[in-house]
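The structure file entry00.cif is reproduced below (mmCIF, C-alpha atoms).
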data_upload
#
loop_
_atom_site.group_PDB
_atom_site.id
_atom_site.type_symbol
_atom_site.label_atom_id
_atom_site.label_comp_id
_atom_site.auth_asym_id
_atom_site.auth_seq_id
_atom_site.Cartn_x
_atom_site.Cartn_y
_atom_site.Cartn_z
ATOM 1 C CA HIS A 1 0.000 0.000 0.000
ATOM 2 C CA HIS A 2 2.996 2.311 -0.242
ATOM 3 C CA HIS A 3 2.232 5.287 -2.500
ATOM 4 C CA ASN A 4 5.370 4.550 -4.506
ATOM 5 C CA ALA A 5 5.012 0.761 -4.631
ATOM 6 C CA ASP A 6 5.688 0.420 -8.373
ATOM 7 C CA GLU A 7 9.035 2.200 -8.060
ATOM 8 C CA LEU A 8 10.004 0.218 -4.957
ATOM 9 C CA ILE A 9 9.045 -3.112 -6.508
ATOM 10 C CA GLY A 10 10.856 -2.370 -9.768
ATOM 11 C CA CYS A 11 11.686 -5.621 -11.585
ATOM 12 C CA GLY A 12 10.505 -7.686 -8.603
ATOM 13 C CA ILE A 13 11.326 -8.011 -4.918
ATOM 14 C CA ALA A 14 13.628 -10.755 -3.715
ATOM 15 C CA GLU A 15 13.650 -9.668 -0.083
ATOM 16 C CA VAL A 16 12.554 -6.888 2.280
ATOM 17 C CA LEU A 17 14.685 -6.284 5.356
ATOM 18 C CA VAL A 18 14.222 -4.093 8.401
ATOM 19 C CA CYS A 19 17.345 -1.986 8.762
ATOM 20 C CA VAL A 20 18.812 1.031 10.479
ATOM 21 C CA VAL A 21 18.804 4.006 8.128
ATOM 22 C CA MET A 22 22.036 5.871 8.774
ATOM 23 C CA LYS A 23 20.970 9.177 7.296
ATOM 24 C CA GLY A 24 20.207 12.201 9.432
ATOM 25 C CA LYS A 25 19.221 10.918 12.844
ATOM 26 C CA PHE A 26 19.558 7.114 12.685
ATOM 27 C CA HIS A 27 16.134 5.475 12.499
ATOM 28 C CA TRP A 28 14.437 2.237 11.536
ATOM 29 C CA GLY A 29 13.511 1.707 7.921
ATOM 30 C CA PHE A 30 13.302 -0.931 5.209
ATOM 31 C CA SER A 31 15.664 -2.156 2.543
ATOM 32 C CA VAL A 32 14.050 -3.609 -0.564
ATOM 33 C CA MET A 33 16.365 -6.063 -2.331
ATOM 34 C CA ARG A 34 15.227 -6.564 -5.922
ATOM 35 C CA ILE A 35 15.669 -9.585 -8.175
ATOM 36 C CA ASP A 36 18.260 -7.692 -10.267
ATOM 37 C CA ALA A 37 20.358 -7.098 -7.078
ATOM 38 C CA SER A 38 19.445 -3.391 -6.918
ATOM 39 C CA GLU A 39 18.165 -2.055 -3.628
ATOM 40 C CA GLU A 40 16.239 0.866 -2.218
ATOM 41 C CA VAL A 41 16.119 2.072 1.369
ATOM 42 C CA PHE A 42 13.003 3.840 2.574
ATOM 43 C CA GLY A 43 11.633 4.871 5.937
ATOM 44 C CA PHE A 44 8.352 5.201 7.759
ATOM 45 C CA GLY A 45 8.063 8.900 6.891
ATOM 46 C CA LYS A 46 7.257 8.155 3.254
ATOM 47 C CA PHE A 47 4.040 6.281 4.047
ATOM 48 C CA GLY A 48 0.939 8.291 3.230
ATOM 49 C CA ALA A 49 2.812 11.192 1.658
ATOM 50 C CA LYS A 50 1.315 12.685 -1.467
ATOM 51 C CA ALA A 51 3.287 12.210 -4.681
ATOM 52 C CA GLU A 52 4.097 15.923 -4.989
ATOM 53 C CA GLN A 53 5.365 15.981 -1.384
ATOM 54 C CA VAL A 54 7.657 13.047 -2.133
ATOM 55 C CA VAL A 55 8.997 14.731 -5.288
ATOM 56 C CA ARG A 56 9.616 17.988 -3.377
ATOM 57 C CA SER A 57 11.335 16.133 -0.516
ATOM 58 C CA ARG A 58 13.599 14.217 -2.906
ATOM 59 C CA THR A 59 14.472 17.374 -4.816
ATOM 60 C CA ILE A 60 15.358 19.287 -1.626
ATOM 61 C CA GLU A 61 17.530 16.365 -0.510
ATOM 62 C CA ALA A 62 19.272 16.379 -3.902
ATOM 63 C CA PHE A 63 19.944 20.140 -3.558
ATOM 64 C CA ARG A 64 21.397 19.602 -0.074
ATOM 65 C CA ASN A 65 23.533 16.658 -1.182
ATOM 66 C CA ALA A 66 24.982 18.702 -4.038
ATOM 67 C CA ILE A 67 26.400 21.284 -1.612
ATOM 68 C CA LYS A 68 27.290 18.895 1.216
ATOM 69 C CA ASP A 69 31.034 19.355 0.593
ATOM 70 C CA GLN A 70 30.595 23.120 1.125
ATOM 71 C CA THR A 71 28.789 22.698 4.452
ATOM 72 C CA ILE A 72 31.336 20.127 5.674
ATOM 73 C CA ALA A 73 34.218 22.423 4.675
ATOM 74 C CA TYR A 74 32.573 25.350 6.483
ATOM 75 C CA LYS A 75 32.137 23.291 9.663
ATOM 76 C CA GLU A 76 35.743 22.064 9.567
ATOM 77 C CA GLU A 77 37.061 25.585 9.027
ATOM 78 C CA TYR A 78 34.842 26.976 11.803
ATOM 79 C CA PHE A 79 35.973 24.403 14.371
ATOM 80 C CA ASP A 80 39.596 24.744 13.156
ATOM 81 C CA GLY A 81 40.664 21.490 14.835
ATOM 82 C CA HIS A 82 39.084 22.359 18.200
ATOM 83 C CA PRO A 83 36.591 19.980 19.856
ATOM 84 C CA GLU A 84 34.169 22.802 20.706
ATOM 85 C CA ALA A 85 33.074 26.152 19.294
ATOM 86 C CA VAL A 86 30.434 28.805 19.954
ATOM 87 C CA CYS A 87 27.026 28.592 18.235
ATOM 88 C CA GLU A 88 26.910 31.518 15.830
ATOM 89 C CA ALA A 89 23.194 32.082 16.548
ATOM 90 C CA THR A 90 22.768 31.482 20.291
ATOM 91 C CA GLY A 91 26.266 31.741 21.780
ATOM 92 C CA GLU A 92 26.000 28.250 23.304
ATOM 93 C CA ILE A 93 28.966 25.872 23.263
ATOM 94 C CA ILE A 94 28.637 23.273 20.481
ATOM 95 C CA THR A 95 30.600 20.254 19.313
ATOM 96 C CA ARG A 96 31.022 18.971 15.762
ATOM 97 C CA VAL A 97 28.475 16.228 16.475
ATOM 98 C CA GLY A 98 26.075 18.623 18.229
ATOM 99 C CA CYS A 99 26.174 21.163 15.434
ATOM 100 C CA HIS A 100 24.319 21.912 12.208
ATOM 101 C CA VAL A 101 25.473 24.198 9.428
ATOM 102 C CA ASP A 102 22.634 26.673 8.926
ATOM 103 C CA HIS A 103 21.918 29.026 6.021
ATOM 104 C CA GLU A 104 21.584 32.375 7.769
ATOM 105 C CA CYS A 105 20.282 34.759 5.121
ATOM 106 C CA PRO A 106 19.203 33.968 2.521
ATOM 107 C CA THR A 107 17.799 30.717 3.862
ATOM 108 C CA PHE A 108 18.317 27.456 1.997
ATOM 109 C CA LYS A 109 14.729 27.624 0.709
ATOM 110 C CA GLU A 110 15.239 31.187 -0.516
ATOM 111 C CA LEU A 111 18.449 30.164 -2.309
ATOM 112 C CA THR A 112 16.806 27.201 -4.042
ATOM 113 C CA ASP A 113 13.731 29.264 -4.960
ATOM 114 C CA ARG A 114 15.940 31.976 -6.505
ATOM 115 C CA PHE A 115 18.092 29.491 -8.405
ATOM 116 C CA PHE A 116 15.332 27.200 -9.691
ATOM 117 C CA THR A 117 12.930 29.864 -10.916
ATOM 118 C CA THR A 118 11.487 27.899 -13.851
ATOM 119 C CA GLY A 119 9.056 25.890 -11.721
ATOM 120 C CA LYS A 120 9.726 22.776 -13.785
ATOM 121 C CA GLN A 121 10.470 19.508 -12.071
ATOM 122 C CA ILE A 122 14.174 18.802 -11.538
ATOM 123 C CA ASP A 123 15.226 15.252 -12.423
ATOM 124 C CA VAL A 124 16.800 13.453 -9.486
ATOM 125 C CA PHE A 125 18.112 9.932 -8.985
ATOM 126 C CA SER A 126 18.748 7.697 -6.003
ATOM 127 C CA ASP A 127 21.935 5.819 -5.237
ATOM 128 C CA GLY A 128 19.934 3.661 -2.812
ATOM 129 C CA LEU A 129 20.577 5.940 0.171
ATOM 130 C CA SER A 130 20.387 9.541 -1.057
ATOM 131 C CA TRP A 131 18.884 11.632 -3.829
ATOM 132 C CA HIS A 132 21.047 13.551 -6.299
ATOM 133 C CA ILE A 133 20.532 16.074 -9.113
ATOM 134 C CA ALA A 134 20.595 14.068 -12.363
ATOM 135 C CA ASP A 135 21.788 16.836 -14.712
ATOM 136 C CA GLU A 136 25.502 17.369 -14.042
ATOM 137 C CA ASN A 137 25.540 20.857 -15.584
ATOM 138 C CA LEU A 138 22.623 21.901 -13.388
ATOM 139 C CA ARG A 139 24.331 20.411 -10.317
ATOM 140 C CA VAL A 140 27.583 22.284 -11.012
ATOM 141 C CA ALA A 141 25.692 25.536 -11.651
ATOM 142 C CA TRP A 142 23.787 25.083 -8.368
ATOM 143 C CA GLN A 143 27.032 24.413 -6.455
ATOM 144 C CA GLU A 144 28.610 27.585 -7.858
ATOM 145 C CA TYR A 145 25.482 29.650 -7.172
ATOM 146 C CA HIS A 146 25.403 28.348 -3.600
ATOM 147 C CA ARG A 147 29.116 29.027 -3.113
ATOM 148 C CA GLU A 148 28.643 32.648 -4.226
ATOM 149 C CA ASN A 149 25.354 33.406 -2.425
ATOM 150 C CA ALA A 150 25.073 31.315 0.751
ATOM 151 C CA SER A 151 25.860 32.731 4.165
ATOM 152 C CA LEU A 152 26.585 29.755 6.425
ATOM 153 C CA ARG A 153 26.918 29.520 10.188
ATOM 154 C CA CYS A 154 27.350 26.748 12.763
ATOM 155 C CA THR A 155 24.407 26.486 15.152
ATOM 156 C CA THR A 156 22.960 24.129 17.728
ATOM 157 C CA ILE A 157 20.847 21.355 16.253
ATOM 158 C CA ALA A 158 17.806 22.578 18.216
ATOM 159 C CA PHE A 159 18.139 26.112 16.849
ATOM 160 C CA ASN A 160 18.471 24.954 13.246
ATOM 161 C CA LEU A 161 15.612 22.431 13.410
ATOM 162 C CA SER A 162 13.239 24.948 15.009
ATOM 163 C CA ARG A 163 14.192 27.472 12.336
ATOM 164 C CA MET A 164 13.626 24.898 9.576
ATOM 165 C CA LYS A 165 10.228 23.997 11.064
ATOM 166 C CA ASN A 166 9.217 27.666 11.155
ATOM 167 C CA GLU A 167 10.404 28.059 7.545
ATOM 168 C CA ARG A 168 8.171 25.177 6.393
ATOM 169 C CA VAL A 169 5.132 26.739 8.104
ATOM 170 C CA ALA A 170 5.727 30.145 6.504
#

Rewrite the structure of this file - the entire thing - as C-alpha cells.
Amino acid sequence: HHHNADELIGCGIAEVLVCVVMKGKFHWGFSVMRIDASEEVFGFGKFGAKAEQVVRSRTIEAFRNAIKDQTIAYKEEYFDGHPEAVCEATGEIITRVGCHVDHECPTFKELTDRFFTTGKQIDVFSDGLSWHIADENLRVAWQEYHRENASLRCTTIAFNLSRMKNERVA
C-alpha cells in the first residue's frame, strides 16, 4: 500500500529487510532487495505522503547533497581542529556532532527558490541511500550559485531544526 510501490518493486522483490537508516538521525527503515540485485532504502516517513510531497522532498535532498562538501568544509574551518566552538546564533557551546550548518540569510529555501525559478520539475536519482541532481551541468551551476550566495553559520541542532520547522510553516 505504499504510495510509490511500483518504483520500490521495480523488476521484482527478492527480499525486504528491516534496517537502520544511517541518514540524518539514525532510524528504523526498510531495505528492498530486488531480483536484479538493486536495492532501495526507505523509511516510515514516506508512508501516506502525497506524490508531490515526495517529489519535493527528494528534490530538496538532492539540492542539499549537491552542496554537502561546502557545508562540511565550512564546519571544519569553523571548528579549526578544536573539539568545541560557539554557536553563531545562540552563543551556546557546540561540538562537531552537536552542530548543524545553517543558512543564515538567505535561507536554503530562498536560495533554491531563486536558483530554480522555472518551476519545472528537476530530475533526481537515487543511489539507494540519497537523492542527487541528475543533470551534471545543473548540479555544477547550483554548487557555484550556492558558493557565491550562501551565508553559512554553525548552530545548535535545536536552533536549526526549530528554524527549519518555522520556515516550512511560513

Would you kindly return, as a PyMOL selection string, each protein, DNA or RNA residue with an atom no farther than 12 Å from any atom of range 88-102 of chain A, considering all atoms listed in the file and excluding same-chain residues fewer than 5 positions away? chain A and resi 24-25+64+67-83+107-109+150-164

If the PyMOL selection byres ((chain A and resi 116-131) around 12) is run on the structure shown, which residues does it catch, given as a PyMOL selection string? chain A and resi 7-8+20-24+29-34+37-43+52+54-66+68+109-115+132-136+138-139+141-142+145-146

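What separates CA of Asp6 in chain A from CA of Ala51 in chain A is a distance of 12.6 Å.
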
Top pick for closest residue to Ile13 in chain A, considering A:Arg147, A:Asp36, A:Cys87, A:Pro106 and counting all atoms listed in the file: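 Checking each candidate against Ile13 in chain A, we get A:Asp36 as the closest.
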
CA of Ile9 in chain A to CA of Gln53 in chain A: how many Å, to one decimal?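 According to the coordinates, CA of Ile9 in chain A and CA of Gln53 in chain A are separated by 20.1 Å.
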
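With distances restricted to only C-alpha atoms, A:Cys11 is the closest residue to Ile35 in chain A from A:Val140, A:Cys105, A:Cys19, A:Cys11.
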
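Interatomic distance, CA of Val16 in chain A to CA of Asn4 in chain A: 15.1 Å.
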
Grab all the atoms of range 134-144 of chain A that the file lists, wrap them in a box along x, y and z, add 5 Å per side, and give me centre plus edge lengths in Å (one decimal) as AutoDock Vina command-line options.
--center_x 24.6 --center_y 20.8 --center_z -11.0 --size_x 18.0 --size_y 23.5 --size_z 19.1

What would range 116-136 of chain A look like with N, CA and C atoms restored, written as a JSON list (two decimals), in the coordinates of the input?
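Result file follows (selection-v3.json):
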[["chain", "number", "residue", "atom", "x", "y", "z"],
["A", 116, "PHE", "N", 16.22, 28.02, -8.86],
["A", 116, "PHE", "CA", 15.33, 27.20, -9.69],
["A", 116, "PHE", "C", 14.03, 27.95, -9.92],
["A", 117, "THR", "N", 14.09, 28.99, -10.71],
["A", 117, "THR", "CA", 12.93, 29.86, -10.92],
["A", 117, "THR", "C", 11.96, 29.35, -11.97],
["A", 118, "THR", "N", 12.34, 28.34, -12.74],
["A", 118, "THR", "CA", 11.49, 27.90, -13.85],
["A", 118, "THR", "C", 10.22, 27.20, -13.39],
["A", 119, "GLY", "N", 10.22, 26.61, -12.21],
["A", 119, "GLY", "CA", 9.06, 25.89, -11.72],
["A", 119, "GLY", "C", 8.93, 24.49, -12.29],
["A", 120, "LYS", "N", 9.80, 24.13, -13.23],
["A", 120, "LYS", "CA", 9.73, 22.78, -13.78],
["A", 120, "LYS", "C", 10.36, 21.78, -12.82],
["A", 121, "GLN", "N", 9.95, 20.56, -12.94],
["A", 121, "GLN", "CA", 10.47, 19.51, -12.07],
["A", 121, "GLN", "C", 11.93, 19.24, -12.41],
["A", 122, "ILE", "N", 12.75, 19.11, -11.38],
["A", 122, "ILE", "CA", 14.17, 18.80, -11.54],
["A", 122, "ILE", "C", 14.32, 17.29, -11.48],
["A", 123, "ASP", "N", 15.01, 16.69, -12.44],
["A", 123, "ASP", "CA", 15.23, 15.25, -12.42],
["A", 123, "ASP", "C", 16.26, 14.90, -11.36],
["A", 124, "VAL", "N", 15.90, 13.93, -10.53],
["A", 124, "VAL", "CA", 16.80, 13.45, -9.49],
["A", 124, "VAL", "C", 16.90, 11.94, -9.58],
["A", 125, "PHE", "N", 17.96, 11.38, -9.01],
["A", 125, "PHE", "CA", 18.11, 9.93, -8.98],
["A", 125, "PHE", "C", 18.59, 9.51, -7.60],
["A", 126, "SER", "N", 18.36, 8.25, -7.29],
["A", 126, "SER", "CA", 18.75, 7.70, -6.00],
["A", 126, "SER", "C", 19.92, 6.74, -6.18],
["A", 127, "ASP", "N", 20.86, 6.80, -5.25],
["A", 127, "ASP", "CA", 21.94, 5.82, -5.24],
["A", 127, "ASP", "C", 21.62, 4.71, -4.23],
["A", 128, "GLY", "N", 20.38, 4.65, -3.79],
["A", 128, "GLY", "CA", 19.93, 3.66, -2.81],
["A", 128, "GLY", "C", 19.85, 4.23, -1.41],
["A", 129, "LEU", "N", 20.60, 5.30, -1.14],
["A", 129, "LEU", "CA", 20.58, 5.94, 0.17],
["A", 129, "LEU", "C", 20.20, 7.41, 0.11],
["A", 130, "SER", "N", 20.60, 8.10, -0.95],
["A", 130, "SER", "CA", 20.39, 9.54, -1.06],
["A", 130, "SER", "C", 19.91, 9.91, -2.45],
["A", 131, "TRP", "N", 19.35, 11.11, -2.55],
["A", 131, "TRP", "CA", 18.88, 11.63, -3.83],
["A", 131, "TRP", "C", 19.87, 12.66, -4.34],
["A", 132, "HIS", "N", 20.05, 12.69, -5.66],
["A", 132, "HIS", "CA", 21.05, 13.55, -6.30],
["A", 132, "HIS", "C", 20.45, 14.20, -7.54],
["A", 133, "ILE", "N", 20.95, 15.39, -7.90],
["A", 133, "ILE", "CA", 20.53, 16.07, -9.11],
["A", 133, "ILE", "C", 21.08, 15.28, -10.30],
["A", 134, "ALA", "N", 20.20, 14.92, -11.24],
["A", 134, "ALA", "CA", 20.60, 14.07, -12.36],
["A", 134, "ALA", "C", 21.43, 14.81, -13.40],
["A", 135, "ASP", "N", 21.09, 16.06, -13.68],
["A", 135, "ASP", "CA", 21.79, 16.84, -14.71],
["A", 135, "ASP", "C", 23.08, 17.42, -14.12],
["A", 136, "GLU", "N", 24.22, 16.94, -14.60],
["A", 136, "GLU", "CA", 25.50, 17.37, -14.04],
["A", 136, "GLU", "C", 25.74, 18.87, -14.22]]
